[in-house]
Structure formats: structure tokens, C-alpha cells
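The next block is entry_9.cif, given as mmCIF, C-alpha atoms (C1' of nucleotides).
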```cif
data_structure
loop_
_atom_site.label_atom_id
_atom_site.label_comp_id
_atom_site.auth_asym_id
_atom_site.auth_seq_id
_atom_site.Cartn_x
_atom_site.Cartn_y
_atom_site.Cartn_z
CA MET W 1 0.00 0.00 0.00
CA PRO W 2 2.52 2.43 -0.04
CA GLU W 3 1.69 5.54 -1.99
CA GLY W 4 1.29 8.96 -0.44
CA PRO W 5 -1.97 8.21 1.37
CA GLU W 6 -0.64 5.06 2.98
CA LEU W 7 2.53 6.80 4.10
CA HIS W 8 0.44 9.52 5.68
CA LEU W 9 -1.88 7.02 7.33
CA ALA W 10 1.23 5.28 8.62
CA SER W 11 2.37 8.51 10.27
CA LEU W 12 -1.06 8.92 11.85
CA TYR W 13 -0.88 5.35 13.07
CA VAL W 14 2.48 5.93 14.73
CA ASN W 15 1.33 9.14 16.40
CA LYS W 16 -1.83 7.52 17.68
CA MET W 17 -0.33 4.28 18.88
CA CYS W 18 2.76 5.84 20.41
CA ALA W 19 1.11 8.80 22.09
CA GLY W 20 2.21 8.71 25.68
CA VAL W 21 4.38 5.66 25.20
CA VAL W 22 7.92 5.83 26.52
CA PHE W 23 10.53 3.95 24.55
CA THR W 24 13.89 2.85 25.82
CA GLY W 25 17.22 1.41 24.85
CA PRO W 26 18.70 1.08 21.40
CA VAL W 27 16.87 1.04 18.12
CA ARG W 28 17.26 -2.43 16.68
CA LYS W 29 17.66 -3.59 13.13
CA SER W 30 17.09 -7.08 11.82
CA GLU W 31 20.12 -9.11 10.93
CA VAL W 32 19.16 -9.37 7.35
CA SER W 33 18.57 -5.70 6.61
CA LYS W 34 21.15 -3.91 4.53
CA ASN W 35 19.94 -0.52 5.67
CA PRO W 36 22.16 1.44 8.06
CA ASP W 37 22.22 0.89 11.79
CA VAL W 38 20.43 3.60 13.71
CA PRO W 39 22.91 4.93 16.25
CA PHE W 40 20.42 6.00 18.86
CA THR W 41 19.93 4.74 22.36
CA CYS W 42 18.20 6.45 25.23
CA GLU W 43 16.82 5.49 28.59
CA ALA W 44 13.54 7.22 27.84
CA TYR W 45 12.35 8.74 24.60
CA ARG W 46 9.21 9.34 22.63
CA ILE W 47 8.37 8.79 18.99
CA THR W 48 6.35 11.00 16.67
CA ALA W 49 5.93 10.84 12.92
CA ALA W 50 5.23 13.08 9.95
CA SER W 51 4.86 12.32 6.27
CA ARG W 52 5.66 14.14 3.06
CA GLY W 53 4.75 12.51 -0.24
CA LYS W 54 6.14 9.02 -0.22
CA GLU W 55 8.34 9.41 2.86
CA VAL W 56 7.72 9.21 6.60
CA LYS W 57 9.96 10.87 9.13
CA LEU W 58 10.14 9.51 12.65
CA THR W 59 11.42 11.80 15.35
CA LEU W 60 12.91 10.19 18.45
CA THR W 61 12.89 12.67 21.30
CA PRO W 62 14.82 12.02 24.52
CA MET W 63 12.81 12.82 27.62
CA LYS W 64 14.21 15.18 30.11
CA SER W 65 16.15 13.70 32.84
CA ASP W 66 17.42 15.16 36.03
CA ASP W 67 20.86 14.25 35.20
CA PRO W 68 21.79 15.03 31.68
CA LYS W 69 25.42 14.60 32.36
CA GLU W 70 25.02 11.09 33.50
CA ARG W 71 22.94 10.33 30.52
CA VAL W 72 25.38 11.69 28.04
CA LYS W 73 28.18 10.00 29.77
CA ALA W 74 26.44 6.73 29.41
CA GLY W 75 26.14 7.18 25.69
CA GLN W 76 22.52 8.10 25.82
CA ALA W 77 21.14 10.47 23.30
CA ASP W 78 20.21 13.89 24.53
CA GLN W 79 19.19 15.31 21.20
CA PRO W 80 16.32 14.25 19.00
CA MET W 81 17.02 12.13 15.97
CA ASP W 82 15.03 12.05 12.74
CA ILE W 83 14.86 8.90 10.68
CA VAL W 84 13.46 9.27 7.17
CA ILE W 85 11.86 6.15 5.82
CA ARG W 86 10.68 5.10 2.35
CA PHE W 87 8.37 2.12 2.18
CA GLY W 88 9.34 0.39 -1.03
CA MET W 89 6.57 -1.88 -2.24
CA SER W 90 5.64 -3.47 1.05
CA GLY W 91 6.51 -1.33 4.03
CA TYR W 92 4.22 -0.46 6.95
CA PHE W 93 4.30 0.08 10.72
CA ARG W 94 2.91 -2.11 13.44
CA PHE W 95 2.88 -1.68 17.18
CA THR W 96 2.67 -5.02 18.93
CA THR W 97 3.79 -6.82 22.01
CA GLU W 98 7.24 -8.21 21.91
CA ASP W 99 6.07 -11.71 21.41
CA GLU W 100 3.91 -10.82 18.49
CA LEU W 101 6.64 -9.26 16.42
CA PRO W 102 5.60 -9.50 12.81
CA LYS W 103 7.73 -11.38 10.40
CA HIS W 104 10.02 -8.99 8.51
CA ALA W 105 10.11 -6.37 11.28
CA HIS W 106 13.39 -4.83 10.12
CA LEU W 107 13.60 -1.77 12.35
CA ARG W 108 12.30 -1.86 15.91
CA PHE W 109 11.73 0.54 18.77
CA TYR W 110 11.12 -0.97 22.23
CA SER W 111 8.82 0.53 24.82
CA LYS W 112 9.70 0.79 28.47
CA GLU W 113 6.55 -0.98 29.59
CA THR W 114 6.59 -4.24 31.27
CA PRO W 115 4.97 -6.35 28.84
CA CYS W 116 7.15 -4.55 26.38
CA ARG W 117 5.64 -3.39 23.15
CA VAL W 118 7.48 -2.72 19.94
CA LEU W 119 6.97 -0.28 17.10
CA SER W 120 8.19 -2.10 14.00
CA PHE W 121 8.86 -1.03 10.47
CA VAL W 122 7.78 -4.16 8.62
CA ASP W 123 8.90 -4.70 5.06
CA ALA W 124 8.66 -8.14 3.52
CA ARG W 125 10.37 -7.33 0.28
CA ARG W 126 13.00 -5.09 1.79
CA PHE W 127 12.76 -2.51 -0.96
CA GLY W 128 12.17 0.06 1.75
CA SER W 129 14.99 2.15 3.15
CA TRP W 130 15.75 4.51 6.01
CA GLN W 131 18.32 7.09 6.85
CA PRO W 132 19.30 7.93 10.43
CA ASN W 133 19.63 11.69 10.90
CA GLY W 134 17.81 11.93 7.64
CA THR W 135 16.03 14.75 5.91
CA TRP W 136 13.37 14.69 3.22
CA GLN W 137 15.04 13.45 0.07
CA SER W 138 16.22 16.54 -1.75
CA ASP W 139 15.09 15.70 -5.21
CA ARG W 140 11.56 14.84 -4.26
CA GLY W 141 9.08 17.62 -4.78
CA PRO W 142 6.45 19.03 -2.45
CA CYS W 143 3.83 16.64 -1.13
CA VAL W 144 0.80 16.47 -3.40
CA MET W 145 -1.49 16.18 -0.39
CA PHE W 146 -0.07 18.59 2.17
CA GLU W 147 1.98 21.05 0.19
CA TYR W 148 -0.49 21.51 -2.58
CA GLU W 149 0.24 25.09 -3.43
CA SER W 150 3.95 24.61 -3.79
CA PHE W 151 3.49 21.29 -5.58
CA ARG W 152 1.29 23.01 -8.11
CA GLU W 153 3.58 25.95 -8.50
CA LYS W 154 6.59 23.73 -9.07
CA VAL W 155 4.93 21.76 -11.84
CA VAL W 156 3.50 24.78 -13.58
CA SER W 157 6.80 26.62 -13.49
CA HIS W 158 8.87 23.72 -14.80
CA LEU W 159 6.95 22.58 -17.82
CA SER W 160 9.94 23.18 -20.03
CA ASP W 161 11.80 20.45 -18.15
CA ARG W 162 12.38 17.55 -20.45
CA ALA W 163 10.84 15.34 -17.81
CA PHE W 164 7.53 16.50 -19.24
CA ASP W 165 8.33 15.16 -22.69
CA LYS W 166 6.99 11.81 -21.60
CA PRO W 167 3.44 10.53 -21.49
CA ILE W 168 1.43 11.97 -18.64
CA CYS W 169 1.03 8.60 -16.93
CA GLU W 170 4.80 8.21 -16.66
CA VAL W 171 5.38 11.76 -15.52
CA LEU W 172 2.89 11.24 -12.72
CA LEU W 173 5.30 8.75 -11.19
CA ASN W 174 8.16 11.25 -11.24
CA GLN W 175 8.63 12.04 -7.57
CA LYS W 176 10.54 15.20 -8.32
CA TYR W 177 7.21 16.70 -9.30
CA PHE W 178 4.53 14.33 -8.03
CA ASN W 179 5.75 13.26 -4.62
CA GLY W 180 3.17 10.86 -3.32
CA ILE W 181 1.64 9.63 -6.55
CA GLY W 182 2.10 5.95 -7.32
CA ASN W 183 0.73 3.36 -9.67
CA TYR W 184 -2.83 3.13 -8.40
CA LEU W 185 -3.21 6.89 -7.96
CA ARG W 186 -2.07 7.74 -11.47
CA ALA W 187 -4.67 5.36 -12.85
CA GLU W 188 -7.46 6.72 -10.67
CA ILE W 189 -6.57 10.34 -11.35
CA LEU W 190 -6.38 10.06 -15.13
CA PHE W 191 -9.51 7.96 -15.15
CA ARG W 192 -11.52 10.63 -13.34
CA LEU W 193 -10.70 13.14 -16.03
CA ASN W 194 -10.85 10.73 -18.89
CA ILE W 195 -7.34 11.63 -19.92
CA PRO W 196 -5.68 9.08 -22.17
CA PRO W 197 -2.60 7.92 -20.23
CA PHE W 198 -0.12 8.13 -23.07
CA VAL W 199 -0.77 11.68 -24.12
CA PRO W 200 2.29 13.95 -23.88
CA ALA W 201 2.38 15.42 -20.40
CA ARG W 202 3.08 18.94 -21.47
CA THR W 203 0.01 18.92 -23.63
CA VAL W 204 -2.15 18.10 -20.67
CA LEU W 205 -0.44 20.45 -18.25
CA GLU W 206 0.29 23.53 -20.19
CA GLY W 207 -2.19 26.22 -19.69
CA LEU W 208 -2.83 25.31 -16.09
CA GLU W 209 -2.40 28.16 -13.70
CA SER W 210 -0.33 28.13 -10.63
CA GLU W 211 -3.30 29.22 -8.72
CA ASP W 212 -5.96 26.70 -8.43
CA LEU W 213 -8.97 28.52 -9.68
CA SER W 214 -11.27 25.87 -8.50
CA GLU W 215 -10.25 26.42 -4.98
CA ASN W 216 -13.46 27.26 -3.47
CA LYS W 217 -15.67 24.83 -4.95
CA LYS W 218 -17.54 22.30 -3.28
CA PRO W 219 -15.87 19.22 -2.30
CA VAL W 220 -15.57 16.86 -4.99
CA LYS W 221 -18.48 14.71 -4.86
CA ASN W 222 -18.12 11.68 -6.55
CA GLU W 223 -20.57 10.81 -8.93
CA THR W 224 -19.75 8.04 -10.90
CA THR W 225 -19.46 9.75 -13.99
CA ASP W 226 -20.91 7.27 -15.97
CA THR W 227 -23.34 8.80 -18.02
CA LYS W 228 -20.77 10.36 -19.96
CA THR W 229 -18.50 7.58 -20.45
CA SER W 230 -19.30 5.85 -23.45
CA ASP W 231 -19.84 8.43 -25.93
CA GLY W 232 -17.18 8.30 -28.41
CA ALA W 233 -16.67 11.90 -28.19
CA LYS W 234 -13.89 12.55 -25.96
CA GLN W 235 -14.92 15.19 -23.74
CA LYS W 236 -12.59 17.85 -22.89
CA TRP W 237 -10.47 16.62 -20.18
CA VAL W 238 -9.04 19.75 -19.09
CA LYS W 239 -11.00 20.50 -16.12
CA GLY W 240 -14.24 19.56 -14.83
CA GLU W 241 -16.22 20.39 -11.86
CA THR W 242 -13.81 18.37 -9.96
CA GLY W 243 -10.90 20.53 -10.88
CA ASP W 244 -8.00 20.09 -13.20
CA LEU W 245 -5.37 17.39 -13.23
CA LEU W 246 -3.13 19.03 -10.66
CA ARG W 247 -6.01 19.50 -8.30
CA LEU W 248 -6.95 15.85 -8.60
CA CYS W 249 -3.36 14.93 -7.76
CA HIS W 250 -4.21 16.54 -4.42
CA THR W 251 -7.85 15.57 -3.83
CA VAL W 252 -7.80 11.98 -5.01
CA PRO W 253 -5.06 10.90 -2.58
CA LEU W 254 -6.87 12.79 0.17
CA GLU W 255 -9.95 10.71 -0.50
CA VAL W 256 -7.92 7.65 0.37
CA VAL W 257 -6.66 9.29 3.53
CA ASN W 258 -10.26 9.97 4.41
CA LEU W 259 -11.21 6.37 3.99
CA GLY W 260 -9.39 6.08 7.22
CA GLY W 261 -7.50 3.35 8.81
CA LYS W 262 -9.16 0.78 6.76
CA GLY W 263 -7.02 1.76 3.89
CA TYR W 264 -3.91 1.26 5.87
CA ASP W 265 -4.17 -0.44 9.19
CA PRO W 266 -2.42 -3.67 8.62
CA GLN W 267 -4.09 -5.06 11.65
CA LYS W 268 -7.37 -5.35 10.07
CA THR W 269 -6.36 -6.44 6.75
CA ASP W 270 -9.62 -5.33 5.44
CA TYR W 271 -9.19 -3.63 2.20
CA SER W 272 -12.77 -3.85 1.19
CA ASP W 273 -13.39 -0.14 1.48
CA PHE W 274 -10.29 0.63 -0.46
CA LYS W 275 -11.12 -1.84 -3.16
CA ALA W 276 -14.58 -0.46 -3.41
CA TRP W 277 -13.08 2.99 -3.76
CA LEU W 278 -10.97 2.05 -6.77
CA GLN W 279 -12.70 2.91 -10.01
CA CYS W 280 -10.00 1.88 -12.47
CA TYR W 281 -6.88 0.29 -11.03
CA TYR W 282 -7.18 -3.45 -11.26
CA VAL W 283 -10.86 -3.11 -11.92
CA ASP W 284 -12.53 -5.68 -14.02
CA GLY W 285 -13.33 -4.31 -17.43
CA MET W 286 -10.55 -1.74 -17.49
CA LYS W 287 -7.63 -2.03 -19.86
CA SER W 288 -4.00 -2.19 -18.91
CA ILE W 289 -0.73 -1.72 -20.74
CA GLY W 290 2.86 -1.89 -19.55
CA ASP W 291 4.33 1.60 -19.75
CA HIS W 292 7.87 2.37 -20.90
CA ASN W 293 9.19 1.40 -17.54
CA GLY W 294 7.34 -1.84 -17.34
CA ARG W 295 4.75 -0.63 -14.87
CA THR W 296 1.20 -1.58 -15.54
CA MET W 297 -0.99 1.36 -16.48
CA TRP W 298 -4.72 0.83 -15.96
CA PHE W 299 -7.10 2.94 -17.96
CA LYS W 300 -10.30 3.06 -19.91
CA GLY W 301 -10.72 4.06 -23.49
CA ASP W 302 -8.05 5.47 -25.71
CA PRO W 303 -4.47 4.80 -24.60
CA GLY W 304 -3.19 7.92 -26.29
CA PRO W 305 -0.55 8.57 -28.96
CA MET W 306 2.55 7.70 -26.97
CA ALA W 307 1.39 4.27 -25.95
CA PRO W 308 4.19 1.74 -26.10
CA LYS W 309 2.77 0.09 -29.06
CA ASP W 310 4.10 -3.23 -29.07
CA SER W 311 7.38 -3.38 -30.37
CA LYS W 312 9.87 -2.11 -28.41
CA SER W 313 8.69 -0.46 -25.70
CA THR W 314 10.36 -1.81 -22.90
CA LYS W 315 9.90 -3.91 -20.17
CA ALA W 316 6.53 -4.87 -20.63
CA LYS W 317 7.59 -6.19 -23.75
CA LYS W 318 10.69 -7.57 -22.74
CA ARG W 319 9.10 -9.45 -20.25
CA ALA W 320 7.14 -10.89 -22.87
CA LYS W 321 8.30 -14.32 -23.25
CA LYS W 322 7.11 -15.92 -26.21
CA ASP W 323 4.18 -15.13 -28.09
CA GLY W 324 0.96 -14.24 -26.78
CA HIS W 325 -0.29 -11.49 -24.77
CA ASP W 326 -1.85 -11.86 -21.60
CA TYR W 327 -4.23 -9.77 -19.92
CA TYR W 328 -5.62 -9.99 -16.61
CA THR W 329 -8.19 -8.44 -14.62
CA ASP W 330 -9.53 -8.83 -11.31
CA LYS W 331 -12.73 -8.20 -9.91
CA LYS W 332 -13.75 -6.40 -7.01
CA LYS W 333 -16.64 -6.49 -4.89
CA VAL W 334 -18.41 -3.66 -6.30
CA ALA W 335 -19.24 -4.60 -9.68
CA ARG W 336 -18.21 -2.13 -12.08
CA LYS W 337 -18.03 -3.11 -15.49
CA ARG W 338 -18.06 -1.15 -18.43
CA SER W 339 -16.23 -2.34 -21.23
CA GLU W 340 -14.79 -0.10 -23.46
CA SER W 341 -15.73 1.47 -26.45
CA THR W 342 -13.37 3.37 -28.40
CA SER W 343 -10.69 1.02 -28.43
CA LYS W 344 -9.72 2.00 -31.69
CA LYS W 345 -6.50 0.85 -32.80
CA LYS W 346 -5.23 -2.29 -31.70
CA VAL W 347 -7.38 -5.10 -31.92
CA VAL W 348 -6.41 -7.71 -29.77
CA LYS W 349 -6.84 -11.08 -30.73
CA GLN W 350 -10.03 -12.27 -29.85
CA GLU W 351 -11.29 -15.30 -28.61
CA THR W 352 -14.50 -16.69 -29.23
CA VAL W 353 -14.89 -18.96 -26.59
CA THR W 354 -17.64 -18.54 -24.45
CA LYS W 355 -17.53 -20.39 -21.45
CA THR W 356 -14.41 -21.66 -20.42
CA PRO W 357 -12.00 -19.12 -20.02
CA LYS W 358 -9.06 -19.77 -21.87
CA LYS W 359 -6.02 -18.21 -21.34
CA GLU W 360 -3.30 -17.48 -23.61
CA LYS W 361 0.23 -17.49 -23.59
CA LYS W 362 1.84 -15.43 -21.21
CA ALA W 363 4.32 -12.76 -20.94
CA ARG W 364 6.95 -12.29 -18.44
CA THR W 365 7.84 -9.36 -16.56
CA LYS W 366 10.95 -8.21 -15.25
CA GLU W 367 10.30 -8.83 -11.76
CA ALA W 368 9.13 -12.22 -12.23
CA GLY W 369 11.09 -13.51 -14.99
CA THR W 370 13.93 -11.43 -14.14
CA LYS W 371 17.04 -11.60 -15.89
CA ARG W 372 17.42 -13.68 -18.76
CA ARG W 373 14.38 -13.87 -20.71
CA LYS W 374 13.29 -11.32 -22.94
CA ALA W 375 11.62 -11.51 -26.07
CA GLU W 376 9.42 -9.61 -28.11
CA ASN W 377 5.92 -8.97 -28.25
CA SER W 378 3.52 -6.60 -27.15
CA ARG W 379 1.34 -5.89 -24.41
CA GLU W 380 -1.92 -4.50 -24.68
CA VAL W 381 -5.05 -4.44 -23.22
CA THR W 382 -7.37 -6.12 -21.05
CA ALA W 383 -10.89 -6.68 -20.97
CA PRO W 384 -13.53 -7.65 -18.68
CA GLN W 385 -14.87 -10.73 -17.44
CA HIS W 386 -15.78 -12.42 -14.36
CA GLU W 387 -17.98 -11.32 -11.82
CA LYS W 388 -18.16 -11.27 -8.20
CA GLY W 389 -15.53 -12.34 -6.07
CA SER W 390 -13.84 -10.21 -3.83
CA THR W 391 -10.33 -10.31 -3.91
CA ALA W 392 -8.66 -11.94 -6.56
CA ARG W 393 -7.21 -11.30 -9.66
CA ARG W 394 -7.55 -13.06 -12.75
CA ARG W 395 -6.08 -12.92 -16.00
CA LYS W 396 -7.52 -13.75 -19.18
CA SER W 397 -7.74 -12.44 -22.51
CA SER W 398 -10.63 -11.14 -24.16
CA SER W 399 -11.64 -9.76 -27.27
CA ALA W 400 -11.14 -6.30 -27.83
CA GLU W 401 -14.47 -5.38 -27.39
CA PRO W 402 -17.45 -4.39 -28.96
CA ALA W 403 -19.86 -6.51 -30.11
CA ALA W 404 -20.86 -8.77 -27.75
CA GLY W 405 -19.08 -8.43 -24.95
CA PRO W 406 -21.49 -9.40 -22.59
CA GLN W 407 -20.40 -11.98 -20.65
CA ARG W 408 -18.67 -14.93 -20.79
CA ARG W 409 -18.06 -15.62 -17.39
CA SER W 410 -15.74 -18.15 -16.69
CA GLY W 411 -15.95 -20.46 -14.14
CA ARG W 412 -14.02 -19.32 -11.38
CA VAL W 413 -14.14 -16.96 -8.87
CA THR W 414 -11.37 -16.55 -6.85
CA ARG W 415 -11.15 -17.37 -3.45
CA GLN W 416 -8.23 -16.98 -1.55
CA ASN W 417 -8.07 -18.81 1.43
CA SER W 418 -8.31 -22.20 0.81
CA LYS W 419 -11.33 -23.74 1.66
"C1'" DC L 420 6.05 -27.19 -7.64
"C1'" DG L 421 6.65 -23.54 -11.13
"C1'" DT L 422 5.18 -19.03 -13.13
"C1'" DC L 423 3.51 -14.44 -12.84
"C1'" DC L 424 2.49 -10.47 -10.45
"C1'" DA L 425 2.84 -6.75 -6.85
"C1'" DC L 426 1.02 0.14 -3.92
"C1'" DG L 427 9.13 1.64 -5.79
"C1'" DT L 428 13.05 3.13 -6.18
"C1'" DC L 429 18.28 2.67 -7.35
"C1'" DT L 430 22.26 2.18 -10.19
"C1'" DA L 431 25.05 0.31 -13.63
"C1'" DC L 432 25.97 -0.50 -18.69
"C1'" DT B 433 16.73 1.88 -20.42
"C1'" DA B 434 17.49 -2.54 -18.39
"C1'" DG B 435 18.19 -5.05 -14.62
"C1'" DA B 436 18.64 -5.51 -9.35
"C1'" DC B 437 16.74 -5.85 -5.20
"C1'" DC B 438 13.15 -9.36 -2.36
"C1'" DT B 439 9.12 -12.11 -0.47
"C1'" DG B 440 4.72 -14.12 -0.95
"C1'" DG B 441 0.03 -14.82 -2.76
"C1'" DA B 442 -2.75 -16.47 -6.58
"C1'" DC B 443 -2.88 -19.62 -10.17
"C1'" DG B 444 -1.88 -23.46 -13.21
"C1'" DG B 445 -0.15 -28.20 -14.00
#
```
Now, as a test, write the supplied structure out as C-alpha cells.
Amino acid sequence: MPEGPELHLASLYVNKMCAGVVFTGPVRKSEVSKNPDVPFTCEAYRITAASRGKEVKLTLTPMKSDDPKERVKAGQADQPMDIVIRFGMSGYFRFTTEDELPKHAHLRFYSKETPCRVLSFVDARRFGSWQPNGTWQSDRGPCVMFEYESFREKVVSHLSDRAFDKPICEVLLNQKYFNGIGNYLRAEILFRLNIPPFVPARTVLEGLESEDLSENKKPVKNETTDTKTSDGAKQKWVKGETGDLLRLCHTVPLEVVNLGGKGYDPQKTDYSDFKAWLQCYYVDGMKSIGDHNGRTMWFKGDPGPMAPKDSKSTKAKKRAKKDGHDYYTDKKKVARKRSESTSKKKVVKQETVTKTPKKEKKARTKEAGTKRRKAENSREVTAPQHEKGSTARRRKSSSAEPAAGPQRRSGRVTRQNSK
DNA sequence: CGTCCACGTCTAC
DNA sequence: TAGACCTGGACGG
């Protein structure tokens, strides 16, 4: 879960759980972590957190003691220390008793209580990182959620930067300008405005003002814009009642923050609210394409002129193993379907089958297939299918669309826990 | 049991 | 621009 909203919810979690808790001793790191040791130890200290885009900063504050000299002499900290943490693909915080330490708790802070409790930075994949005595990473821009004005100003005033030569969906992942936006947010944001993901970024952004003229408007209410969807006419995506693209880079993540703990709290691994909130990412019926960096872009409708187009585009393709495309979709509780219209261009191969789902060949991705394989081929799109279910993902191919798309349901739903 | 996929950076050729 | 870095869940055979 780690995109801006989850990092912020993580900071709220730390502040809530650790309020009034006194921590003690050294900060401990797991044996396997390659991140730096945190040279901090103190008889009594407190922990608070703050977030900015995709980073969380923990502040360890020594409590006053009657005898500072003794403390310092003993190697105890007397000054606060900041630790800046990035979550990678799987990081999160948990506060548990010592005997319930989660697996992969790579950085730990011990409380002074008797049944000791521990604040842990948990990170299964270990892509996360931290820096003792750290500061917000210098090349990351202002937080899209909490430094909106400066975020907006920075983008608008740097449109000549070559970084904006790329498709808008790829630029949205550039943390120098969009600190906090990640793969699900870029899909949700572009979807709300019906902006084709592979349209040149500058084209979409130029003309936007540094001042958000939609400032005082009512809160974005979310209507499922559906009425408008299908018409082939592409409506003007520049700004709607909900505001322009930059404003949505601020409001959409805040919606996730407002979903509350559910979105984040690892304790209750209940992502049902979050999944119900998603309108595009991983949603059944939406299309997906690997972007030039191999990241899956979910969207609806026209991919836009800079779409990787099979051939060489990169990872997605490279990953491609042999022939075949693969598509996958998942379903989510809330049914949302909507196939696409306008899929002009590429026609995917189609399948005629009706009932049994058939799959196709597959493609490989970098992560998975890693290293050696590469091949050629394209990626493309996805289509709908399946129904119900709740969590699960599915892959399958589908025809590109129109005619008939109704259903073919396959036989499977997904279930995850075993019986 | 093997393959594919994952909410993200990093850095080396 | 392509790997590297990792673990684990869902699927498929």
C-alpha cells in the first residue's frame, strides 16, 4: 500500500499508537537488513511521525532527565534524531507486544513498559529504506497532499523540463514533481478526467495556472461519472467540476486518507473499502498496458498517442516471453463493469470462446522472470470478465471489445483462502 | 512445484 | 533503459 496516502496514514498510526508511550534502549535492526544501523539509544524517549509525499519521518525525542550529564556519559542520546523512511513496495508500521513481532520487522523501537511493546517497520520485500539523521530526500518535490500550493507551483513553473516530454502517466510517477503519486493513484486520477494515459504530459499540463482557480468549490463529490462515459466523443479533459489534473493529484489521494485506517491499518487487513473505492486500477473491465518502464498502467478508453505500441517499448515487452499477450483483470466487490468502447486501434486477438476461459500465452515481466528472458511482443489491453468475487485477480484475454461483450463468465471466482 | 504479479526506487551499462 | 533488489500470494499443471 505504499503511496502517499498510505505513508500519511502510517504517520497517523504511529502518532496515535505511540502517544504517551515511553521507549527505551537502542533502536534495533534485523540481521538481514542492509539498511544502516540507527545509532540512537536512550533510557527514555518518545516517537512522533510526519509524512511528506512518499516518505515518513520519525522523530525520536529524549525525555528530560534530572541528570543530563550522567545520561550523556552513558552514551545516551540527549538530542532528537530524525529517521526518514521510504516504504518500497511493502513497508508499513505495526505496534505489537514483543512476542507478536511481525515477520520482517526490520527496524524496531522498544517501549519501556513491562509487557514490552514494539513499534516495528515491517517490510517483507526489503525494498524500503531509512536514513538515520535523515532529511526529506532533496530531489523529491512538495507533497501532493499537504503542500499543494507549492506542488502546483513547481509543476506549472517547470513545464519546459524535459521530464515533461513523456506521457502523462509516466510523468505522474516522477517524484521530483509528483511526490506521493504511485501506480494506483495515477490510474485513478487520469480515469476521473478521462485523460488518455499516453498523451504527452506537457500537452495536458500547459495552460494550467499556478493558482488553483477551482479552490473554493464544493468538495468533490463523486458521482460516478458514468453517463458520460461511453460516448465516443472525448470530452474535454481539461477541467471539470472536480478541478483540473493538478487538483486531482491533491484531492484523489486525500480521498484515500479519508477512507481512514481501513485503507492502511495492517491489523485489520480489510481492504474492502479501499477496493470499493478504486474505479479503475485493477478493476474488471478496465484495460492495462505496460508503460515504458514496465509498470502496468490501468485505464479506460483510448491509450493515447505515446502508448508503447508493441514493439519495443520496454519492459513490458521484454518481459514478454514468447508469443501471446496476456491480460488480466480482477474483480472487485463492487461490480463495475463497463467495457470499453473506443478502443480503436489495436485489436487484440479475440477469442470466441464462451464459457471456459481460456487463457493465452503469457508474458513475463521483469520482476518475475527477471534476468534472462526477454523476447518480443507486445502488451496491450485487457478486458472484462468475471464477476463477483472479492479479492482476486484473474487474467484472461478477451476480445477487444465491442460486439458482444457481454459476458462470458468463466468459471471461477477466486477465493483466496483455501477452503 | 513452477510461473507471474505486486502500492518503488536505485544504479550500472 | 534494463536489470537488481526481495518475499509471498494467486494460479496453473
- request: Translate the PyMOL selection byres ((chain L) within 8 of (chain W)), as applied to the file shown, into an explicit residue set as an MDAnalysis selection string.
  value: chainID L and resid 422:428
- request: Specify as a VMD selection string each residue included when the PyMOL selection byres ((chain B) within 8 of (chain W)) is applied to this file.
  value: chain B and resid 433 to 435 437 to 439 442
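Counting only C-alpha atoms and comparing W:Ser111, W:Ser214, W:Gln279, W:Thr203, the residue that lies closest to Ile189 in chain W is W:Gln279.
Going from CA of Glu206 in chain W over to CA of Gly53 in chain W, you cover 23.2 Å.
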message: Quick check, in Å to one decimal: how far apart do CA of Gly75 in chain W and CA of Lys34 in chain W lie?
response: 24.4 Å
- prompt: Which polymer residues have any atom within 12 Å of an atom of Gly20 in chain W, counting all atoms listed in the file, with same-chain residues fewer than 6 positions away left out, as a list in words?
  reply: Val14, Ala44, Tyr45, Arg46, Ile47, Thr48, Met63, Ser111, Lys112 and Glu113 of chain W
Restricted to C-alpha atoms, what would the selected residues look like written as a tab-separated table (two decimals), in the frame of the given file?
```tsv
chain	number	residue	atom	x	y	z
W	14	VAL	CA	2.48	5.93	14.73
W	44	ALA	CA	13.54	7.22	27.84
W	45	TYR	CA	12.35	8.74	24.60
W	46	ARG	CA	9.21	9.34	22.63
W	47	ILE	CA	8.37	8.79	18.99
W	48	THR	CA	6.35	11.00	16.67
W	63	MET	CA	12.81	12.82	27.62
W	111	SER	CA	8.82	0.53	24.82
W	112	LYS	CA	9.70	0.79	28.47
W	113	GLU	CA	6.55	-0.98	29.59
```
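With distances restricted to all atoms listed in the file, W:Leu245 is the closest residue to Asn194 in chain W from W:Leu245, W:Pro253, W:Arg52, W:Ser288.
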- request: Enumerate, as a PyMOL selection string, the residues matched when the PyMOL selection byres ((chain L and resi 420) around 12) is run on the file above.
  value: (chain L and resi 421-422) or (chain B and resi 443-445)
- prompt: With only C-alpha atoms as the basis for distance, which of W:Glu149, W:Thr251, W:Thr97, W:Glu31 is at the shortest distance from Thr114 in chain W?
  reply: W:Thr97
- prompt: Do you have the CA of Phe191 in chain W-CA of Tyr281 in chain W distance handy?
  reply: 9.1 Å
